[in-house]
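What follows is the content of structure-v4.json (JSON, C-alpha atoms).
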```json
[["chain", "number", "residue", "atom", "x", "y", "z"],
["A", 724, "MET", "CA", 0.00, 0.00, 0.00],
["A", 725, "GLY", "CA", 2.75, 2.44, 1.00],
["A", 726, "ASN", "CA", 4.30, 2.44, -2.50],
["A", 727, "GLN", "CA", 0.97, 3.46, -4.05],
["A", 728, "VAL", "CA", 0.41, 6.44, -1.77],
["A", 729, "PRO", "CA", 2.02, 9.73, -2.89],
["A", 730, "ASP", "CA", 4.90, 10.79, -0.67],
["A", 731, "ILE", "CA", 3.31, 14.22, -0.12],
["A", 732, "VAL", "CA", 0.36, 12.46, 1.53],
["A", 733, "ILE", "CA", 2.67, 10.52, 3.86],
["A", 734, "ARG", "CA", 4.37, 13.81, 4.79],
["A", 735, "ARG", "CA", 1.04, 15.27, 5.87],
["A", 736, "LEU", "CA", -0.04, 12.33, 8.05],
["A", 737, "PRO", "CA", 2.28, 13.19, 10.98],
["A", 738, "VAL", "CA", 0.87, 16.73, 10.92],
["A", 739, "TYR", "CA", -2.65, 15.33, 11.21],
["A", 740, "LEU", "CA", -1.52, 13.03, 14.01],
["A", 741, "ARG", "CA", 0.03, 15.93, 15.91],
["A", 742, "ALA", "CA", -3.24, 17.87, 15.67],
["A", 743, "LEU", "CA", -5.22, 14.84, 16.86],
["A", 744, "ASN", "CA", -2.86, 14.30, 19.80],
["A", 745, "HIS", "CA", -3.41, 17.93, 20.77],
["A", 746, "LEU", "CA", -7.20, 17.54, 20.58],
["A", 747, "GLU", "CA", -7.02, 14.31, 22.58],
["A", 748, "ALA", "CA", -4.94, 16.03, 25.28],
["A", 749, "GLN", "CA", -7.67, 18.69, 25.50],
["A", 750, "GLY", "CA", -10.31, 16.04, 26.05],
["A", 751, "VAL", "CA", -11.93, 16.44, 22.62],
["A", 752, "ALA", "CA", -13.61, 13.17, 21.60],
["A", 753, "ILE", "CA", -15.03, 14.00, 18.16],
["A", 754, "THR", "CA", -13.68, 16.24, 15.41],
["A", 755, "SER", "CA", -14.40, 16.92, 11.77],
["A", 756, "SER", "CA", -12.26, 17.34, 8.69],
["A", 757, "GLN", "CA", -13.25, 21.01, 8.69],
["A", 758, "GLU", "CA", -12.12, 21.51, 12.29],
["A", 759, "LEU", "CA", -8.82, 19.80, 11.54],
["A", 760, "ALA", "CA", -8.43, 21.93, 8.42],
["A", 761, "ASP", "CA", -9.06, 25.12, 10.39],
["A", 762, "ASN", "CA", -6.42, 24.11, 12.93],
["A", 763, "LEU", "CA", -3.85, 23.22, 10.27],
["A", 764, "GLY", "CA", -4.47, 25.88, 7.65],
["A", 765, "SER", "CA", -5.43, 23.16, 5.18],
["A", 766, "SER", "CA", -8.68, 22.21, 3.49],
["A", 767, "ALA", "CA", -11.28, 19.70, 4.64],
["A", 768, "ALA", "CA", -11.36, 18.13, 1.17],
["A", 769, "GLN", "CA", -7.57, 17.60, 1.24],
["A", 770, "ILE", "CA", -7.72, 15.89, 4.62],
["A", 771, "ARG", "CA", -10.57, 13.61, 3.55],
["A", 772, "LYS", "CA", -8.75, 12.75, 0.33],
["A", 773, "ASP", "CA", -5.50, 11.98, 2.16],
["A", 774, "LEU", "CA", -7.21, 9.72, 4.69],
["A", 775, "SER", "CA", -9.20, 7.92, 1.98],
["A", 776, "HIS", "CA", -5.96, 6.31, 0.76],
["A", 777, "PHE", "CA", -6.06, 4.15, 3.89],
["A", 778, "GLY", "CA", -9.76, 3.45, 4.44],
["A", 779, "GLU", "CA", -12.84, 5.04, 5.95],
["A", 780, "PHE", "CA", -12.29, 6.48, 9.42],
["A", 781, "GLY", "CA", -15.31, 8.73, 9.94],
["A", 782, "LYS", "CA", -19.00, 9.02, 9.22],
["A", 783, "GLN", "CA", -20.69, 11.82, 7.33],
["A", 784, "GLY", "CA", -22.52, 14.05, 9.76],
["A", 785, "THR", "CA", -20.67, 12.56, 12.72],
["A", 786, "GLY", "CA", -17.00, 13.23, 12.02],
["A", 787, "TYR", "CA", -13.97, 11.40, 13.34],
["A", 788, "HIS", "CA", -13.45, 9.83, 16.73],
["A", 789, "VAL", "CA", -10.22, 11.55, 17.77],
["A", 790, "GLY", "CA", -8.71, 8.65, 19.73],
["A", 791, "TYR", "CA", -9.54, 6.07, 17.09],
["A", 792, "LEU", "CA", -8.21, 8.13, 14.19],
["A", 793, "ALA", "CA", -5.01, 8.93, 16.09],
["A", 794, "LYS", "CA", -4.54, 5.23, 16.80],
["A", 795, "GLN", "CA", -5.02, 4.36, 13.13],
["A", 796, "LEU", "CA", -2.56, 7.01, 11.97],
["A", 797, "ARG", "CA", 0.03, 5.72, 14.44],
["A", 798, "ARG", "CA", -0.50, 2.25, 12.98],
["A", 799, "ILE", "CA", -0.17, 3.48, 9.40],
["A", 800, "LEU", "CA", 3.01, 5.41, 10.22],
["A", 801, "HIS", "CA", 4.38, 2.46, 12.25],
["A", 802, "ALA", "CA", 4.48, 4.90, 15.14],
["A", 803, "ASP", "CA", 2.64, 2.49, 17.42],
["A", 804, "ARG", "CA", 5.96, 1.04, 18.54],
["A", 805, "THR", "CA", 9.24, 2.38, 19.89],
["A", 806, "TRP", "CA", 12.04, 2.76, 17.35],
["A", 807, "GLU", "CA", 15.65, 2.60, 18.45],
["A", 808, "VAL", "CA", 17.65, 5.46, 16.94],
["A", 809, "VAL", "CA", 21.37, 6.05, 16.59],
["A", 810, "LEU", "CA", 22.79, 9.58, 16.63],
["A", 811, "VAL", "CA", 26.01, 10.52, 14.86],
["A", 812, "GLY", "CA", 27.48, 13.82, 15.98],
["A", 813, "ALA", "CA", 27.56, 14.77, 19.67],
["A", 814, "GLY", "CA", 28.05, 18.51, 19.46],
["A", 815, "ASP", "CA", 25.60, 21.10, 20.76],
["A", 816, "LEU", "CA", 22.83, 19.91, 18.44],
["A", 817, "GLY", "CA", 23.48, 16.28, 19.30],
["A", 818, "HIS", "CA", 23.30, 17.05, 23.01],
["A", 819, "ALA", "CA", 19.99, 18.85, 22.51],
["A", 820, "LEU", "CA", 18.54, 15.92, 20.56],
["A", 821, "ILE", "CA", 19.57, 13.40, 23.23],
["A", 822, "ARG", "CA", 17.95, 15.52, 25.93],
["A", 823, "ASN", "CA", 14.78, 16.14, 23.91],
["A", 824, "GLN", "CA", 12.15, 14.16, 25.80],
["A", 825, "GLY", "CA", 9.56, 14.91, 23.13],
["A", 826, "ILE", "CA", 11.38, 12.58, 20.72],
["A", 827, "ALA", "CA", 11.13, 9.69, 23.17],
["A", 828, "ARG", "CA", 7.48, 10.39, 23.96],
["A", 829, "ARG", "CA", 6.66, 10.04, 20.29],
["A", 830, "GLY", "CA", 8.25, 6.63, 19.97],
["A", 831, "PHE", "CA", 11.87, 7.34, 18.99],
["A", 832, "ARG", "CA", 14.49, 6.40, 21.59],
["A", 833, "ILE", "CA", 18.09, 7.41, 21.01],
["A", 834, "VAL", "CA", 20.01, 4.38, 22.25],
["A", 835, "ALA", "CA", 23.53, 5.16, 21.02],
["A", 836, "ALA", "CA", 25.51, 8.24, 20.02],
["A", 837, "PHE", "CA", 28.84, 8.48, 18.23],
["A", 838, "ASP", "CA", 31.49, 11.11, 17.61],
["A", 839, "ASN", "CA", 35.10, 11.17, 16.39],
["A", 840, "ASP", "CA", 36.22, 13.97, 18.74],
["A", 841, "PRO", "CA", 38.37, 12.45, 21.53],
["A", 842, "GLU", "CA", 37.15, 15.17, 23.90],
["A", 843, "ARG", "CA", 33.53, 14.05, 23.42],
["A", 844, "VAL", "CA", 34.03, 10.29, 23.38],
["A", 845, "GLY", "CA", 33.31, 8.83, 26.79],
["A", 846, "ALA", "CA", 31.25, 11.80, 27.96],
["A", 847, "ARG", "CA", 27.78, 11.14, 29.36],
["A", 848, "VAL", "CA", 24.76, 13.01, 28.03],
["A", 849, "GLY", "CA", 21.64, 12.03, 29.90],
["A", 850, "ASP", "CA", 21.63, 8.24, 29.86],
["A", 851, "ILE", "CA", 23.88, 8.02, 26.81],
["A", 852, "ILE", "CA", 27.66, 7.61, 26.82],
["A", 853, "ILE", "CA", 29.20, 8.96, 23.62],
["A", 854, "GLN", "CA", 31.05, 6.22, 21.73],
["A", 855, "ASN", "CA", 33.89, 6.41, 19.23],
["A", 856, "SER", "CA", 32.68, 6.56, 15.63],
["A", 857, "LYS", "CA", 35.05, 3.72, 14.78],
["A", 858, "THR", "CA", 32.71, 1.30, 16.59],
["A", 859, "MET", "CA", 29.59, 2.63, 14.87],
["A", 860, "ARG", "CA", 29.22, 0.04, 12.12],
["A", 861, "GLN", "CA", 29.42, -3.03, 14.36],
["A", 862, "GLU", "CA", 27.25, -1.48, 17.07],
["A", 863, "ILE", "CA", 24.44, -0.68, 14.63],
["A", 864, "LYS", "CA", 24.65, -4.12, 13.03],
["A", 865, "ALA", "CA", 24.59, -5.85, 16.41],
["A", 866, "ARG", "CA", 21.50, -3.93, 17.54],
["A", 867, "ARG", "CA", 19.84, -4.01, 14.10],
["A", 868, "ILE", "CA", 19.07, -0.31, 14.29],
["A", 869, "GLN", "CA", 17.18, 1.00, 11.26],
["A", 870, "VAL", "CA", 16.85, 4.71, 12.08],
["A", 871, "ALA", "CA", 19.67, 7.25, 12.36],
["A", 872, "ILE", "CA", 20.11, 10.97, 12.90],
["A", 873, "ILE", "CA", 23.12, 12.73, 11.39],
["A", 874, "ALA", "CA", 24.33, 15.92, 13.10],
["A", 875, "VAL", "CA", 27.88, 16.21, 11.75],
["A", 876, "PRO", "CA", 29.64, 18.89, 9.67],
["A", 877, "ALA", "CA", 28.80, 18.90, 5.96],
["A", 878, "GLN", "CA", 32.16, 17.47, 4.90],
["A", 879, "ALA", "CA", 31.63, 14.39, 7.07],
["A", 880, "ALA", "CA", 27.99, 13.69, 6.20],
["A", 881, "GLN", "CA", 28.47, 11.46, 3.14],
["A", 882, "GLY", "CA", 31.11, 9.28, 4.79],
["A", 883, "VAL", "CA", 28.90, 8.81, 7.83],
["A", 884, "THR", "CA", 25.95, 8.03, 5.56],
["A", 885, "ASP", "CA", 27.89, 5.32, 3.73],
["A", 886, "ILE", "CA", 28.72, 3.61, 7.03],
["A", 887, "LEU", "CA", 25.13, 3.83, 8.24],
["A", 888, "VAL", "CA", 23.75, 2.32, 5.04],
["A", 889, "ASP", "CA", 26.35, -0.46, 5.12],
["A", 890, "ALA", "CA", 25.38, -1.19, 8.73],
["A", 891, "GLY", "CA", 21.71, -1.65, 7.81],
["A", 892, "VAL", "CA", 20.12, 1.72, 8.53],
["A", 893, "LYS", "CA", 17.02, 2.29, 6.40],
["A", 894, "ALA", "CA", 15.91, 5.79, 7.44],
["A", 895, "ILE", "CA", 18.08, 8.87, 8.02],
["A", 896, "LEU", "CA", 17.21, 12.29, 9.42],
["A", 897, "ASN", "CA", 19.96, 14.58, 8.19],
["A", 898, "TYR", "CA", 20.73, 17.82, 10.04],
["A", 899, "SER", "CA", 23.92, 18.39, 8.04],
["A", 900, "PRO", "CA", 23.55, 21.27, 5.53],
["A", 901, "ILE", "CA", 24.26, 19.10, 2.50],
["A", 902, "ALA", "CA", 22.44, 16.57, 0.33],
["A", 903, "ILE", "CA", 23.56, 12.98, 0.83],
["A", 904, "ASN", "CA", 23.55, 10.16, -1.72],
["A", 905, "VAL", "CA", 21.82, 6.92, -0.73],
["A", 906, "PRO", "CA", 20.45, 3.84, -2.51],
["A", 907, "PRO", "CA", 16.81, 4.10, -3.67],
["A", 908, "ALA", "CA", 15.48, 1.99, -0.80],
["A", 909, "ILE", "CA", 16.83, 4.34, 1.90],
["A", 910, "ARG", "CA", 14.56, 7.11, 3.14],
["A", 911, "VAL", "CA", 16.16, 10.49, 3.90],
["A", 912, "GLN", "CA", 14.62, 13.60, 5.43],
["A", 913, "TYR", "CA", 16.45, 16.92, 5.79],
["A", 914, "ALA", "CA", 16.20, 19.24, 8.78],
["A", 915, "ASP", "CA", 18.29, 22.32, 8.02],
["A", 916, "PRO", "CA", 17.05, 25.19, 10.24],
["A", 917, "VAL", "CA", 18.81, 27.82, 8.10],
["A", 918, "THR", "CA", 16.96, 26.68, 4.98],
["A", 919, "LEU", "CA", 13.65, 26.85, 6.82],
["A", 920, "LEU", "CA", 14.44, 30.34, 8.12],
["A", 921, "GLN", "CA", 15.37, 31.51, 4.63],
["A", 922, "ARG", "CA", 12.02, 30.30, 3.30],
["A", 923, "MET", "CA", 10.37, 32.67, 5.78],
["A", 924, "THR", "CA", 12.65, 35.69, 5.42],
["A", 925, "TYR", "CA", 11.83, 35.79, 1.69],
["A", 926, "TYR", "CA", 8.43, 37.13, 2.70],
["A", 927, "LEU", "CA", 9.78, 39.77, 5.07],
["A", 928, "SER", "CA", 10.41, 43.34, 4.03]]
```
So that I can check it, write out the structure of this file as structure tokens.
Amino acid sequence: MGNQVPDIVIRRLPVYLRALNHLEAQGVAITSSQELADNLGSSAAQIRKDLSHFGEFGKQGTGYHVGYLAKQLRRILHADRTWEVVLVGAGDLGHALIRNQGIARRGFRIVAAFDNDPERVGARVGDIIIQNSKTMRQEIKARRIQVAIIAVPAQAAQGVTDILVDAGVKAILNYSPIAINVPPAIRVQYADPVTLLQRMTYYLS
């Protein structure tokens, strides 16, 4: 099913799930596509069309049961389990990611972190002890970790990526300000704050 669904639809599902989690935390039991659209700056028709790729989750005139729809979206996104994540790059950003409890609450647990700086290796950040990058490949293979976060300088990103892919990682969140080359089966998402800021400053006078 996943291969038949446009990627842009998959990208919107976590946004819908975030909105539903917020409604659920407020004690809201029932919502509508229009209410979700108003909250997200989207359109009700777009939300209904996106959800229709995966089945029927609501009833006309009744709307969606918030808890049920959230549960189904977690299932679709495979977010109904905890994913072990490896972090490469233990600088300021890496430290912040390790300490970010919101990541863990949403089902992604950083279980290992690596760096090649001797001054960082061996340091403890939260519950994580930073390991030498030289042990990265065997550690990932041994734990069968499929998800990784890269937070290294641009010049190191491709080399790190090659090791991760060789070790069996299937999904990479890249904070390095450079595009990385991966085989077709590997999923990559980019999180460059400067790029996002520049998209906004275009509209400023």
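Take atom CA of A:Ile873 and atom CA of A:Asn897: the distance between them is 4.9 Å.
Atom CA of A:Val808 to atom CA of A:Phe831 spans 6.4 Å [interatomic distance, one decimal].
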Of the candidates A:Pro906, A:Gly790, A:Gly830, A:Gly781, which shows the shortest atom-to-atom distance to A:Ala748, using all atoms listed in the file? A:Gly790
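For the atom pair formed by atom CA of A:Pro737 and atom CA of A:Asp815, the distance is 26.5 Å, given to one decimal.
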Could you please give me, as a ChimeraX atom specification, the residues of protein, DNA or RNA lying at most 12 Å from (-0.9, 3.4, 18.4) in the coordinate frame of the file, considering all atoms listed in the file? /A:740,744,790-805,829-830
Pick from A:Gln921, A:Val809, A:Ile833, A:Ile853: nearest to A:Lys893, with all atoms listed in the file counted? A:Val809
Can you tell me which residues surround A:Ala874 at a distance of at most 6 Å, considering only C-alpha atoms, apart from same-chain residues fewer than 5 positions away, and format the answer as a PyMOL selection string? chain A and resi 811-812+898-899
Contacts of A:Gln749 at 12 Å or less, counting only C-alpha atoms, minus same-chain residues fewer than 6 places along, as a PyMOL selection string? chain A and resi 742-743+789-790
Output of the above residues as a PDB file, in the coordinates of the input, restricted to C-alpha atoms:
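Printed below is out04.pdb as written:
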```pdb
ATOM      1  CA  ALA A 742      -3.240  17.870  15.670  1.00  0.00           C
ATOM      2  CA  LEU A 743      -5.220  14.840  16.860  1.00  0.00           C
ATOM      3  CA  VAL A 789     -10.220  11.550  17.770  1.00  0.00           C
ATOM      4  CA  GLY A 790      -8.710   8.650  19.730  1.00  0.00           C
TER       5      GLY A 790
END
```
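Of the listed residues (A:Val751, A:Ala890, A:Glu842, A:Asp885), A:Ala890 comes nearest to A:Ala865; the distances count all atoms listed in the file.
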A:Ile821 environment, 12 Å, all atoms listed in the file, sequence neighbours closer than 3 positions dropped, as a PyMOL selection string: chain A and resi 808-818+824-827+831-837+847-853+872+874
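Each of A:Gln912, A:Asp838, A:Arg735, A:Leu887 was compared to A:Ile863 using all atoms listed in the file, and A:Leu887 turns out to be the nearest.
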For each of A:Ser775, A:Tyr787, A:Trp806, A:Ala914, take the minimum atom-to-atom distance to A:Glu747, counting only C-alpha atoms, then give the residue where this is smallest. A:Tyr787
With distances taken over all atoms listed in the file, the candidate from A:Ile886, A:Val917, A:Ala767, A:Ile901 nearest A:Ser856 is A:Ile886
Env of A:Pro900: 9 Å cut, atoms = all atoms listed in the file, seq-sep filter 3 positions within chain, self excluded. Answer as JSON, numbers by chain. {"A": [876, 877, 880, 897, 913, 914, 915, 916, 917, 918]}
Report, as lines of an AutoDock Vina configuration file, the axis-aligned box around all atoms of stretch 816-824 of chain A present in the file, extended by 3 Å on each side; give centre and edge lengths in Å to one decimal place.
```
center_x = 17.8
center_y = 16.7
center_z = 22.2
size_x = 17.3
size_y = 12.5
size_z = 13.5
```
Would you kindly return, as a list in words, each protein, DNA or RNA residue with an atom no farther than 7 Å from any atom of A:His788, considering all atoms listed in the file and excluding same-chain residues fewer than 4 positions away? Ala752, Ile753, Thr754 and Leu792 of chain A
Now that the selection is made, can you save its residues with C-alpha atoms as an mmCIF file, keeping the file's coordinate frame?
```cif
data_model
loop_
_atom_site.group_PDB
_atom_site.id
_atom_site.type_symbol
_atom_site.label_atom_id
_atom_site.label_comp_id
_atom_site.auth_asym_id
_atom_site.auth_seq_id
_atom_site.Cartn_x
_atom_site.Cartn_y
_atom_site.Cartn_z
ATOM 1 C CA ALA A 752 -13.610 13.170 21.600
ATOM 2 C CA ILE A 753 -15.030 14.000 18.160
ATOM 3 C CA THR A 754 -13.680 16.240 15.410
ATOM 4 C CA LEU A 792 -8.210 8.130 14.190
#
```
